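Structure data follow from final06.txt (compact mmCIF, C-alpha atoms):
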# COMPACT_ATOMS: atom_id res chain seq x y z
CA MET A 1 -1.24 -14.50 12.35
CA ASN A 2 -2.13 -17.35 10.02
CA SER A 3 -5.58 -16.24 9.01
CA LYS A 4 -6.58 -17.38 5.56
CA PRO A 5 -7.90 -14.81 3.14
CA THR A 6 -11.55 -14.11 3.80
CA LEU A 7 -14.34 -11.79 3.02
CA SER A 8 -13.61 -8.57 4.82
CA PRO A 9 -15.44 -8.61 8.17
CA THR A 10 -16.20 -4.92 7.90
CA THR A 11 -18.35 -5.28 4.82
CA GLU A 12 -21.58 -6.99 3.97
CA THR A 13 -22.06 -9.37 1.09
CA THR A 14 -25.76 -8.96 0.48
CA ALA A 15 -26.78 -7.53 -2.87
CA ARG A 16 -27.21 -3.78 -2.77
CA ALA A 17 -27.64 -0.95 -5.21
CA ARG A 18 -24.77 -0.07 -7.49
CA LEU A 19 -24.07 3.37 -8.80
CA ALA A 20 -25.16 2.20 -12.28
CA ASP A 21 -28.60 1.41 -10.85
CA LEU A 22 -29.20 5.12 -10.25
CA SER A 23 -30.65 7.21 -13.04
CA SER A 24 -28.54 10.08 -14.26
CA GLY A 25 -30.93 12.49 -12.54
CA GLU A 26 -30.85 10.58 -9.26
CA LEU A 27 -27.04 10.45 -9.33
CA ARG A 28 -26.82 14.21 -9.83
CA ALA A 29 -29.47 14.89 -7.19
CA ARG A 30 -27.68 12.76 -4.61
CA LEU A 31 -24.38 14.41 -5.46
CA LYS A 32 -25.87 17.88 -5.04
CA ARG A 33 -27.25 16.96 -1.62
CA GLY A 34 -24.09 15.15 -0.49
CA GLU A 35 -26.02 11.91 -0.34
CA LEU A 36 -24.04 9.83 -2.80
CA VAL A 37 -22.41 7.32 -0.44
CA LEU A 38 -20.01 5.24 -2.49
CA ARG A 39 -18.36 2.14 -1.08
CA SER A 40 -14.99 0.77 -2.18
CA GLY A 41 -13.95 -2.15 0.01
CA PRO A 42 -14.23 -1.16 3.66
CA ILE A 43 -14.42 2.59 2.95
CA ARG A 44 -17.64 4.55 2.49
CA MET A 45 -17.38 8.06 1.06
CA ALA A 46 -20.27 10.53 1.07
CA ILE A 47 -19.62 12.84 -1.88
CA ARG A 48 -21.14 16.26 -2.42
CA CYS A 49 -20.60 18.04 -5.72
CA ALA A 50 -22.82 19.95 -8.12
CA ARG A 51 -20.58 19.58 -11.16
CA ASP A 52 -21.78 17.59 -14.17
CA ASP A 53 -18.25 16.63 -15.27
CA VAL A 54 -17.64 14.98 -11.89
CA ALA A 55 -20.98 13.14 -12.09
CA THR A 56 -20.07 11.91 -15.57
CA ALA A 57 -16.62 10.75 -14.45
CA LEU A 58 -18.11 8.92 -11.45
CA TRP A 59 -20.60 7.30 -13.80
CA ARG A 60 -17.82 6.07 -16.10
CA LEU A 61 -15.40 4.90 -13.43
CA TYR A 62 -17.55 3.82 -10.48
CA ALA A 63 -20.62 2.36 -12.22
CA GLU A 64 -20.26 -1.05 -10.57
CA TYR A 65 -19.52 0.11 -7.02
CA PRO A 66 -22.14 -0.30 -4.31
CA VAL A 67 -23.92 2.81 -3.08
CA GLU A 68 -25.57 3.18 0.30
CA ALA A 69 -29.09 4.51 0.70
CA PRO A 70 -29.25 8.29 1.14
CA GLY A 71 -28.41 9.08 4.75
CA GLY A 72 -26.51 5.82 5.12
CA PHE A 73 -23.32 5.68 7.15
CA ALA A 74 -20.19 7.15 5.60
CA ASP A 75 -16.64 7.11 6.92
CA PHE A 76 -15.89 10.42 5.24
CA HIS A 77 -17.97 13.37 4.01
CA VAL A 78 -16.23 15.17 1.19
CA HIS A 79 -17.31 18.21 -0.79
CA LEU A 80 -16.05 19.62 -4.07
CA ARG A 81 -17.11 23.21 -4.54
CA GLY A 82 -16.22 26.31 -6.50
CA THR A 83 -14.28 29.10 -4.81
CA ASP A 84 -15.44 32.70 -4.37
CA LEU A 85 -17.70 34.67 -6.69
CA LEU A 86 -14.93 36.41 -8.64
CA ARG A 87 -13.24 33.11 -9.39
CA ARG A 88 -16.44 31.81 -10.95
CA TRP A 89 -15.70 33.98 -13.98
CA ILE A 90 -11.91 34.36 -14.08
CA LYS A 91 -9.90 31.14 -14.20
CA PRO A 92 -12.47 29.28 -12.10
CA GLN A 93 -11.15 27.02 -9.38
CA ILE A 94 -12.40 24.11 -7.36
CA ILE A 95 -11.73 23.26 -3.74
CA PHE A 96 -11.87 19.94 -1.88
CA GLU A 97 -13.26 19.84 1.65
CA HIS A 98 -13.38 17.08 4.20
CA ASP A 99 -15.77 17.75 7.09
CA GLY A 100 -15.66 21.42 6.21
CA HIS A 101 -11.87 21.69 6.15
CA ALA A 102 -9.86 22.23 2.97
CA PRO A 103 -6.55 20.36 3.20
CA PHE A 104 -5.33 21.49 -0.25
CA LEU A 105 -5.11 24.70 -2.21
CA ALA A 106 -7.81 25.25 -4.83
CA LEU A 107 -7.09 23.85 -8.29
CA PRO A 108 -8.33 24.81 -11.78
CA GLN A 109 -11.84 23.52 -12.42
CA PRO A 110 -10.85 21.03 -15.14
CA GLN A 111 -8.95 19.13 -12.43
CA ALA A 112 -12.10 18.59 -10.35
CA PHE A 113 -12.36 14.81 -10.69
CA ALA A 114 -8.63 14.27 -10.19
CA LEU A 115 -8.85 16.47 -7.07
CA LEU A 116 -11.72 14.33 -5.78
CA GLU A 117 -9.63 11.17 -6.25
CA TRP A 118 -6.59 12.70 -4.56
CA GLY A 119 -8.75 14.04 -1.76
CA MET A 120 -10.33 10.66 -1.11
CA ASN A 121 -6.85 9.11 -0.98
CA TRP A 122 -5.83 11.82 1.48
CA CYS A 123 -8.78 11.00 3.75
CA ILE A 124 -7.88 7.31 3.85
CA ALA A 125 -4.16 7.92 4.35
CA ASN A 126 -4.74 10.37 7.19
CA TYR A 127 -7.51 8.68 9.13
CA CYS A 128 -7.70 4.92 8.55
CA HIS A 129 -5.20 3.98 11.23
CA GLN A 130 -7.05 0.76 11.96
CA TYR A 131 -4.91 -0.52 9.06
CA LEU A 132 -1.22 -0.41 8.34
CA MET A 133 -1.20 1.60 5.12
CA ALA A 134 1.55 1.65 2.54
CA HIS A 135 1.92 3.74 -0.59
CA ALA A 136 1.95 0.71 -2.84
CA ALA A 137 -0.11 -1.01 -5.49
CA VAL A 138 -1.32 -4.50 -4.69
CA VAL A 139 -2.55 -7.20 -7.06
CA GLU A 140 -3.58 -10.81 -6.51
CA LYS A 141 -3.59 -14.08 -8.39
CA ASN A 142 -4.52 -17.57 -7.15
CA GLY A 143 -4.98 -16.13 -3.66
CA PHE A 144 -1.47 -14.66 -3.47
CA ALA A 145 -0.90 -10.94 -3.28
CA ALA A 146 2.00 -8.99 -4.73
CA ILE A 147 2.68 -5.65 -3.05
CA LEU A 148 4.37 -3.12 -5.35
CA PRO A 149 5.80 -0.21 -3.37
CA ALA A 150 7.67 2.35 -5.41
CA PRO A 151 8.34 6.06 -5.67
CA PRO A 152 6.65 8.14 -8.39
CA GLY A 153 8.14 7.55 -11.81
CA SER A 154 9.03 3.92 -11.17
CA GLY A 155 6.25 2.60 -13.41
CA LYS A 156 4.25 1.12 -10.52
CA SER A 157 0.82 2.20 -11.74
CA THR A 158 1.54 1.23 -15.35
CA LEU A 159 2.69 -2.21 -14.27
CA CYS A 160 -0.31 -2.55 -11.96
CA ALA A 161 -2.71 -1.52 -14.76
CA ALA A 162 -1.13 -4.00 -17.15
CA LEU A 163 -1.28 -6.85 -14.64
CA VAL A 164 -4.97 -6.33 -13.88
CA HIS A 165 -5.74 -6.36 -17.61
CA ARG A 166 -3.95 -9.72 -17.96
CA GLY A 167 -5.64 -11.80 -15.29
CA TRP A 168 -4.45 -10.36 -11.99
CA ARG A 169 -7.00 -8.90 -9.58
CA LEU A 170 -6.69 -5.27 -8.52
CA LEU A 171 -6.81 -4.67 -4.79
CA SER A 172 -5.40 -1.18 -5.02
CA ASP A 173 -3.26 0.97 -7.26
CA GLU A 174 -2.34 3.62 -4.71
CA MET A 175 -2.51 2.30 -1.18
CA THR A 176 -2.16 -1.09 0.42
CA LEU A 177 -4.37 -1.63 3.47
CA ILE A 178 -3.09 -4.33 5.82
CA ASP A 179 -5.33 -5.70 8.57
CA PRO A 180 -3.11 -5.80 11.70
CA ALA A 181 -5.00 -8.75 13.20
CA SER A 182 -4.54 -11.11 10.26
CA CYS A 183 -1.93 -9.40 8.04
CA ASN A 184 -4.34 -9.95 5.16
CA ILE A 185 -4.69 -7.18 2.59
CA LEU A 186 -8.03 -5.49 2.06
CA GLY A 187 -9.13 -4.41 -1.39
CA LEU A 188 -10.22 -0.97 -2.48
CA ALA A 189 -10.30 -1.57 -6.26
CA ARG A 190 -10.50 2.16 -6.97
CA PRO A 191 -9.62 3.53 -10.43
CA ILE A 192 -5.94 3.48 -11.38
CA ASN A 193 -4.26 6.87 -11.61
CA LEU A 194 -2.11 7.02 -14.76
CA LYS A 195 0.21 9.83 -15.67
CA ASN A 196 1.77 11.21 -18.85
CA ALA A 197 3.12 8.53 -21.24
CA SER A 198 1.45 5.76 -19.22
CA ILE A 199 -1.96 6.89 -20.46
CA ASP A 200 -1.22 6.16 -24.13
CA ILE A 201 0.72 3.03 -23.22
CA MET A 202 -2.34 1.62 -21.48
CA ARG A 203 -4.69 2.77 -24.24
CA SER A 204 -2.79 0.58 -26.67
CA TYR A 205 -2.13 -2.24 -24.16
CA ALA A 206 -5.77 -2.53 -23.09
CA PRO A 207 -7.86 -1.02 -25.92
CA ASP A 208 -11.15 -1.91 -24.20
CA ALA A 209 -10.20 -0.21 -20.93
CA ILE A 210 -12.38 2.69 -19.86
CA PHE A 211 -10.75 6.00 -18.94
CA GLY A 212 -12.02 9.02 -17.08
CA PRO A 213 -11.22 12.55 -18.21
CA VAL A 214 -7.67 13.24 -19.39
CA VAL A 215 -6.50 16.31 -17.48
CA PRO A 216 -3.36 18.14 -18.62
CA ASP A 217 -1.22 20.58 -16.65
CA THR A 218 -1.68 19.17 -13.18
CA LYS A 219 1.19 19.15 -10.69
CA LYS A 220 1.75 15.55 -11.73
CA GLY A 221 1.60 16.34 -15.46
CA THR A 222 -1.24 14.92 -17.53
CA VAL A 223 -3.35 12.50 -15.53
CA ALA A 224 -6.21 10.12 -16.29
CA HIS A 225 -7.96 7.47 -14.24
CA LEU A 226 -8.51 3.97 -15.56
CA ARG A 227 -11.62 2.07 -14.51
CA ALA A 228 -10.92 -0.99 -12.35
CA PRO A 229 -11.80 -4.31 -14.03
CA SER A 230 -15.31 -5.56 -13.17
CA GLU A 231 -14.01 -8.76 -11.61
CA SER A 232 -11.84 -6.75 -9.21
CA VAL A 233 -14.79 -4.59 -8.16
CA ARG A 234 -17.06 -7.61 -7.75
CA ARG A 235 -14.51 -9.40 -5.53
CA VAL A 236 -13.34 -6.34 -3.62
CA ASP A 237 -14.32 -7.81 -0.25
CA GLU A 238 -12.03 -10.82 -0.70
CA THR A 239 -8.87 -10.20 1.27
CA ALA A 240 -5.55 -11.58 0.02
CA ARG A 241 -2.47 -13.03 1.67
CA PRO A 242 0.83 -11.20 1.10
CA ARG A 243 3.20 -13.42 -0.91
CA TRP A 244 5.63 -11.07 -2.66
CA ILE A 245 6.91 -7.58 -2.12
CA VAL A 246 8.25 -6.39 -5.45
CA PHE A 247 9.96 -3.02 -5.89
CA PRO A 248 9.51 -2.28 -9.61
CA LYS A 249 11.61 0.05 -11.69
CA TYR A 250 10.95 0.87 -15.31
CA GLU A 251 14.18 1.28 -17.28
CA ALA A 252 13.98 1.89 -21.01
CA GLY A 253 15.59 -0.95 -22.96
CA SER A 254 16.13 -3.14 -19.91
CA ALA A 255 15.59 -6.89 -20.05
CA PRO A 256 13.33 -8.07 -17.21
CA VAL A 257 15.45 -8.83 -14.14
CA LEU A 258 14.05 -10.06 -10.86
CA THR A 259 16.56 -9.85 -8.01
CA PRO A 260 16.08 -11.15 -4.45
CA MET A 261 16.31 -8.47 -1.77
CA ALA A 262 17.47 -8.93 1.80
CA LYS A 263 14.44 -8.89 4.06
CA HIS A 264 15.77 -6.24 6.41
CA GLU A 265 16.33 -3.92 3.45
CA ALA A 266 12.84 -4.62 2.12
CA PHE A 267 11.47 -3.90 5.60
CA LEU A 268 13.06 -0.46 5.70
CA GLN A 269 11.95 0.41 2.19
CA LEU A 270 8.37 -0.68 2.85
CA ALA A 271 8.37 1.24 6.16
CA GLU A 272 9.48 4.34 4.26
CA ASN A 273 6.51 3.86 1.94
CA ALA A 274 4.03 3.32 4.78
CA PHE A 275 1.80 6.30 5.65
CA ASN A 276 1.33 5.39 9.30
CA TYR A 277 4.15 3.01 10.24
CA ALA A 278 5.50 5.45 12.83
CA ALA A 279 2.04 6.32 14.14
CA LEU A 280 1.26 2.66 14.85
CA GLY A 281 4.41 2.26 16.95
CA ARG A 282 5.14 -1.29 18.03
CA GLN A 283 2.10 -2.63 16.17
CA GLY A 284 3.46 -1.17 12.94
CA PHE A 285 6.81 -2.82 13.53
CA GLU A 286 5.28 -6.21 14.31
CA VAL A 287 2.77 -6.20 11.45
CA LEU A 288 5.32 -5.10 8.90
CA GLY A 289 7.66 -7.80 10.17
CA GLU A 290 4.95 -10.44 9.72
CA VAL A 291 4.24 -9.25 6.18
CA ILE A 292 7.96 -9.39 5.34
CA ASP A 293 8.22 -12.85 6.92
CA MET A 294 5.48 -14.27 4.72
CA SER A 295 6.70 -12.61 1.50
CA ASP A 296 9.49 -13.10 -0.99
CA CYS A 297 11.18 -9.70 -1.33
CA LEU A 298 12.37 -8.77 -4.80
CA SER A 299 13.48 -5.85 -6.88
CA PHE A 300 12.31 -5.87 -10.47
CA ARG A 301 13.68 -4.00 -13.48
CA TYR A 302 11.73 -4.07 -16.71
CA SER A 303 10.95 -2.20 -19.90
CA GLN A 304 8.33 -4.33 -21.70
CA LEU A 305 4.96 -4.96 -20.07
CA ASP A 306 4.54 -8.38 -21.70
CA ASP A 307 7.88 -9.49 -20.25
CA ALA A 308 6.80 -8.26 -16.85
CA ILE A 309 3.46 -10.08 -17.04
CA ALA A 310 5.23 -13.33 -17.99
CA ILE A 311 7.51 -13.03 -14.94
CA PHE A 312 4.64 -12.31 -12.57
CA ASP A 313 2.60 -15.18 -14.02
CA GLU A 314 5.55 -17.49 -13.43
CA LEU A 315 5.78 -16.33 -9.82
CA ALA A 316 2.08 -17.08 -9.35
CA ALA A 317 2.36 -20.50 -10.99
CA ARG A 318 5.30 -21.44 -8.76
CA ALA A 319 3.49 -20.27 -5.64
CA SER A 320 0.41 -22.30 -6.57
CA ALA A 321 2.49 -25.41 -7.23
CA ALA A 322 4.31 -25.00 -3.90
CA SER A 323 1.01 -24.52 -2.13
CA GLU A 324 -0.43 -27.69 -3.67
CA LEU A 325 2.65 -29.65 -2.63
CA ALA A 326 2.31 -28.33 0.91
CA VAL A 327 -1.34 -29.40 1.03
CA GLU A 328 -0.43 -32.88 -0.22
CA ALA A 329 2.34 -33.11 2.37
CA ASP A 330 -0.11 -32.11 5.11
CA MET A 331 -2.61 -34.76 3.98
CA ALA A 332 0.10 -37.43 3.85
CA MET B 1 10.23 2.31 33.58
CA LEU B 2 10.83 2.34 29.85
CA ASN B 3 14.22 3.66 28.81
CA ALA B 4 16.15 3.50 25.56
CA ARG B 5 18.17 0.49 26.74
CA SER B 6 15.12 -1.60 27.59
CA ALA B 7 12.92 -0.49 24.73
CA TRP B 8 14.23 -2.54 21.85
CA HIS B 9 12.20 -4.86 19.63
CA LEU B 10 14.02 -7.01 17.14
CA ARG B 11 13.21 -9.08 14.08
CA THR B 12 15.96 -11.16 12.53
CA TRP B 13 16.50 -12.91 9.23
CA ASP B 14 19.53 -14.76 7.85
CA GLU B 15 21.00 -11.72 6.11
CA GLY B 16 20.31 -9.11 8.75
CA ALA B 17 17.78 -7.70 11.16
CA VAL B 18 15.66 -4.69 11.93
CA ALA B 19 15.44 -3.18 15.38
CA TRP B 20 12.84 -0.71 16.63
CA ASN B 21 13.34 1.46 19.67
CA ALA B 22 10.12 2.35 21.46
CA VAL B 23 11.59 5.41 23.17
CA ASN B 24 12.78 7.33 20.14
CA GLY B 25 10.54 5.53 17.63
CA ASN B 26 13.40 4.85 15.23
CA THR B 27 13.83 1.69 13.15
CA HIS B 28 17.26 0.54 12.02
CA ALA B 29 18.63 -2.18 9.78
CA ILE B 30 21.45 -3.94 11.61
CA ASP B 31 23.92 -6.67 10.70
CA PRO B 32 23.69 -10.16 12.25
CA LEU B 33 26.46 -9.56 14.81
CA THR B 34 24.89 -6.33 16.02
CA ALA B 35 21.59 -8.21 16.30
CA GLU B 36 23.33 -10.80 18.52
CA VAL B 37 24.88 -8.08 20.66
CA LEU B 38 21.55 -6.27 21.00
CA THR B 39 19.75 -9.48 21.94
CA ALA B 40 22.28 -10.41 24.61
CA SER B 41 22.90 -6.96 26.00
CA ARG B 42 19.51 -5.30 25.80
CA LEU B 43 16.94 -8.10 25.67
CA GLN B 44 18.66 -10.69 27.90
CA GLY B 45 20.51 -8.28 30.20
CA VAL B 46 24.02 -9.68 29.80
CA SER B 47 26.45 -7.16 31.30
CA ASP B 48 28.96 -5.32 29.12
CA GLU B 49 31.84 -7.11 30.88
CA LEU B 50 30.47 -10.58 30.20
CA LEU B 51 29.26 -9.82 26.71
CA PRO B 52 32.34 -10.92 24.68
CA GLU B 53 32.61 -14.27 26.44
CA HIS B 54 28.86 -14.85 26.31
CA LEU B 55 28.71 -14.19 22.58
CA ALA B 56 31.84 -16.19 21.79
CA GLN B 57 30.20 -19.19 23.45
CA ARG B 58 26.88 -18.57 21.77
CA LEU B 59 28.43 -18.19 18.32
CA ALA B 60 30.91 -21.04 18.95
CA LEU B 61 33.84 -18.79 18.06
CA PRO B 62 37.20 -18.38 19.77
CA LEU B 63 37.29 -15.16 21.77
CA ASP B 64 40.20 -13.30 20.23
CA GLU B 65 40.98 -9.64 19.88
CA THR B 66 39.19 -9.35 16.53
CA LEU B 67 35.92 -10.75 17.85
CA GLU B 68 36.08 -8.68 21.01
CA HIS B 69 36.73 -5.55 18.98
CA ALA B 70 33.78 -6.33 16.71
CA ILE B 71 31.46 -6.94 19.67
CA LEU B 72 32.45 -3.73 21.42
CA GLY B 73 32.07 -1.85 18.15
CA ALA B 74 28.54 -3.22 17.77
CA LEU B 75 27.75 -2.25 21.35
CA ASP B 76 28.94 1.27 20.64
CA ARG B 77 26.69 1.45 17.56
CA ILE B 78 23.71 0.35 19.65
CA ARG B 79 24.44 3.09 22.20
CA GLN B 80 24.44 5.62 19.36
CA LEU B 81 21.09 4.31 18.12
CA GLU B 82 19.66 4.81 21.61
CA ALA B 83 20.26 8.54 21.47
CA PRO B 84 17.01 10.51 21.75
Could you take the file, read its structure, and then write that structure out as structure tokens?
Amino acid sequence: MNSKPTLSPTTETTARARLADLSSGELRARLKRGELVLRSGPIRMAIRCARDDVATALWRLYAEYPVEAPGGFADFHVHLRGTDLLRRWIKPQIIFEHDGHAPFLALPQPQAFALLEWGMNWCIANYCHQYLMAHAAVVEKNGFAAILPAPPGSGKSTLCAALVHRGWRLLSDEMTLIDPASCNILGLARPINLKNASIDIMRSYAPDAIFGPVVPDTKKGTVAHLRAPSESVRRVDETARPRWIVFPKYEAGSAPVLTPMAKHEAFLQLAENAFNYAALGRQGFEVLGEVIDMSDCLSFRYSQLDDAIAIFDELAARASAASELAVEADMA
Amino acid sequence: MLNARSAWHLRTWDEGAVAWNAVNGNTHAIDPLTAEVLTASRLQGVSDELLPEHLAQRLALPLDETLEHAILGALDRIRQLEAP
């Protein structure tokens, strides 16, 4: 399992239409017919929805993503629709369907776009068993990937958002897809889901960043999605080699502290964060073991984003220097 | 035929190891000595009677009561992990 990072074999690199190439009318028409097939990395989603607010949010957050021609292949067909007639007038609700089945309860209409994002995550997590999938952010620099698994409230998404606005490439904020054959990580580069205080923190940390609708009173509190940087979307088909597994923890007032973790402990924690480790059986065990083998495993406590960025940049610089030395040694 | 005793897969590092049992699907973190016991007993088929002497030789340690007790304790832990 020594495959170098490559372009994902499941995707094509030829130029194709982006969502921003569609007129507003064409975008809405395709959405109404369920013919908007949006691609992020190896995943193609056919989206059906007649709501203008969802079309606007897609326009803001997915403008640079490729779209397939109407009728093109899609891995998933998802539908956001209103509930029954009475609910159209009293506290209207929205429901998410995948292939005609609704895996979640209906939510208030203002949460429509957030529900679409969560629903798309649900589809990937429940069906894409060709990959080992972990609930973890993953970012890359100089060809090396840092996997950031962490429970909610640990500051994972905030740290991920900060890193990708300071030179790191976003592969994913929410789920890490590992190719079992190569152990390389595939990119999704979907919008970053921020919650509560993180939204204002990122507004001030990256003033030029583009946000989708800010939705209060969800089960997760106030949520907003942050558009992925253009460079990350453009390079989404470049896989990355795992180099670090970092378990971040935001602690108010804490100085940045990076602590090595025993690999067997990191293995168990990453397995706990994997959606389909158990389902993959022996393959899950072997692939996770390979990823742990090739990665430095660390826990990371921080309170200031700039401190965190400096530490991650230093990790990347050291890895690059070590890699160059190894190449020179090979040539000698 | 696959049974809990023959179904172990192991990955070891300096500080410890993880072991996965294909019968019950469970993964466990184990200490280095337990990893040695599991390797010898379950992967290499060394009998329980020969296990202390085999491991003492392999680890280049004198076989005293303390080591034997630790080995048998590790073997007992492995049996517990093999429960369905």
Could you pull the residues within 12 Å of B:Ala7, counting all atoms listed in the file, minus those fewer than 3 positions along the same chain, as number ranges by chain?
-> A: 281-282; B: 1-4, 10, 19-27, 38-39, 41-43, 78, 81-82
Shortest contact to A:His135, candidates A:Ala332, A:Leu80, A:Ala274, A:Leu116, atoms counted all atoms listed in the file, goes to A:Ala274
Residues near A:Phe300, cut-off 10 Å, all atoms listed in the file, skip fewer than 2 positions along chain, as a list in words = Leu148, Val246, Phe247, Pro248, Lys249, Tyr250, Pro256, Val257, Leu258, Thr259, Pro260, Met261, Cys297, Leu298, Tyr302, Ala308 and Ile311 of chain A
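One distance worth recording is that between atom CA of A:Lys195 and atom CA of A:Ile309, which is 20.2 Å.
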Should the cut-off be 10 Å, what would the residue list for chain A against chain B look like, counting only C-alpha atoms, as a PDB file with C-alpha atoms, in the coordinates of the input?
ATOM      1  CA  MET A 261      16.310  -8.470  -1.770  1.00  0.00           C
ATOM      2  CA  ALA A 262      17.470  -8.930   1.800  1.00  0.00           C
ATOM      3  CA  LYS A 263      14.440  -8.890   4.060  1.00  0.00           C
ATOM      4  CA  HIS A 264      15.770  -6.240   6.410  1.00  0.00           C
ATOM      5  CA  GLU A 265      16.330  -3.920   3.450  1.00  0.00           C
ATOM      6  CA  ALA A 266      12.840  -4.620   2.120  1.00  0.00           C
ATOM      7  CA  PHE A 267      11.470  -3.900   5.600  1.00  0.00           C
ATOM      8  CA  LEU A 268      13.060  -0.460   5.700  1.00  0.00           C
ATOM      9  CA  ALA A 271       8.370   1.240   6.160  1.00  0.00           C
ATOM     10  CA  ALA A 278       5.500   5.450  12.830  1.00  0.00           C
ATOM     11  CA  ALA A 279       2.040   6.320  14.140  1.00  0.00           C
ATOM     12  CA  GLY A 281       4.410   2.260  16.950  1.00  0.00           C
ATOM     13  CA  ARG A 282       5.140  -1.290  18.030  1.00  0.00           C
ATOM     14  CA  PHE A 285       6.810  -2.820  13.530  1.00  0.00           C
ATOM     15  CA  GLU A 286       5.280  -6.210  14.310  1.00  0.00           C
ATOM     16  CA  GLY A 289       7.660  -7.800  10.170  1.00  0.00           C
ATOM     17  CA  GLU A 290       4.950 -10.440   9.720  1.00  0.00           C
ATOM     18  CA  ASP A 293       8.220 -12.850   6.920  1.00  0.00           C
TER      19      ASP A 293
END
All residues 12 Å or closer to B:Glu49, all atoms listed in the file, same chain fewer than 6 positions away omitted, as an NGL selection string = :B and (40-41 or 55 or 68 or 71-72 or 75)
Figure out the distance between atom CA of A:Glu272 and atom CA of A:Leu171, please, to one decimal in Å.
->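 Distance between the two atoms: 20.7 Å.
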Rounded to one decimal place, report the atom CA of A:Ala197-atom CA of A:Thr218 distance in Å.
-> 14.2 Å
What's around A:Val138 at 7 Å? Count only C-alpha atoms, leave out sequence neighbours fewer than 2 positions away in its own chain, and write the answer as a PDB file with C-alpha atoms, keeping the file's coordinate frame.
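Output file around27.pdb is given in full below:
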ATOM      1  CA  ALA A 136       1.950   0.710  -2.840  1.00  0.00           C
ATOM      2  CA  GLU A 140      -3.580 -10.810  -6.510  1.00  0.00           C
ATOM      3  CA  ALA A 145      -0.900 -10.940  -3.280  1.00  0.00           C
ATOM      4  CA  ALA A 146       2.000  -8.990  -4.730  1.00  0.00           C
ATOM      5  CA  ILE A 147       2.680  -5.650  -3.050  1.00  0.00           C
ATOM      6  CA  LEU A 148       4.370  -3.120  -5.350  1.00  0.00           C
ATOM      7  CA  LEU A 170      -6.690  -5.270  -8.520  1.00  0.00           C
ATOM      8  CA  LEU A 171      -6.810  -4.670  -4.790  1.00  0.00           C
ATOM      9  CA  SER A 172      -5.400  -1.180  -5.020  1.00  0.00           C
ATOM     10  CA  ASP A 173      -3.260   0.970  -7.260  1.00  0.00           C
ATOM     11  CA  THR A 176      -2.160  -1.090   0.420  1.00  0.00           C
TER      12      THR A 176
END
Between A:Glu314, A:Glu68, A:Asp75, A:Glu328, which one has atoms that come closest to A:Leu19, using all atoms listed in the file?
->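 Closest residue, counting all atoms listed in the file: A:Glu68.
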Skip A:Ala63 itself and residues of its chain fewer than 6 positions away, then list as number ranges by chain all residues within 12 Å of it, counting all atoms listed in the file.
-> A: 17-24, 27, 38-40, 55-57, 190-191, 210, 212, 227-230, 233-234
Within-9 Å shell of (-6.9, -0.2, -19.1) in input frame, all atoms listed in the file, as an NGL selection string | :A and (161-162 or 164-165 or 192 or 199 or 202-211 or 226-229)
Could you pull out every residue with an atom within 12 Å of (5.2, 10.9, -7.5), file coordinates, counting all atoms listed in the file, and send them as a ChimeraX atom specification?
-> /A:135-136,149-157,174,193-196,219-221,223,273
Nearest to A:Arg51 among A:Ala29, A:Ala69, A:Ala189, A:Leu315, with distances taken over only C-alpha atoms: which residue is it?
->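 Among the listed residues, A:Ala29 lies closest to A:Arg51.
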Would you place a box with edges along x, y and z of the file around all atoms of stretch 259-271 of chain A listed there, add 8 Å to each of its six sides, and report the centre and edge lengths in Å to one decimal, as JSON?
{"center_x": 12.9, "center_y": -5.0, "center_z": -0.8, "size_x": 25.1, "size_y": 28.4, "size_z": 30.4}
Save stretch 61-69 of chain B from what I just supplied, as a compact mmCIF listing (two decimals), in the first residue's frame, atoms limited to N, CA and C atoms.
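Saved as selection-v3.txt:
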# COMPACT_ATOMS: atom_id res chain seq x y z
N LEU B 61 14.10 -13.69 28.73
CA LEU B 61 13.90 -13.39 30.15
C LEU B 61 13.97 -14.71 30.94
N PRO B 62 14.43 -14.63 32.19
CA PRO B 62 14.40 -15.84 33.01
C PRO B 62 12.96 -16.21 33.34
N LEU B 63 12.65 -17.49 33.25
CA LEU B 63 11.29 -17.92 33.55
C LEU B 63 11.12 -18.09 35.06
N ASP B 64 10.63 -17.06 35.70
CA ASP B 64 10.38 -17.15 37.14
C ASP B 64 8.87 -17.08 37.38
N GLU B 65 8.52 -17.09 38.63
CA GLU B 65 7.10 -17.12 38.98
C GLU B 65 6.37 -15.87 38.49
N THR B 66 7.06 -14.73 38.56
CA THR B 66 6.43 -13.46 38.16
C THR B 66 6.08 -13.48 36.67
N LEU B 67 7.04 -13.92 35.86
CA LEU B 67 6.79 -13.95 34.41
C LEU B 67 5.68 -14.96 34.08
N GLU B 68 5.77 -16.13 34.72
CA GLU B 68 4.76 -17.14 34.43
C GLU B 68 3.36 -16.64 34.81
N HIS B 69 3.30 -15.96 35.94
CA HIS B 69 2.01 -15.42 36.39
C HIS B 69 1.49 -14.39 35.39
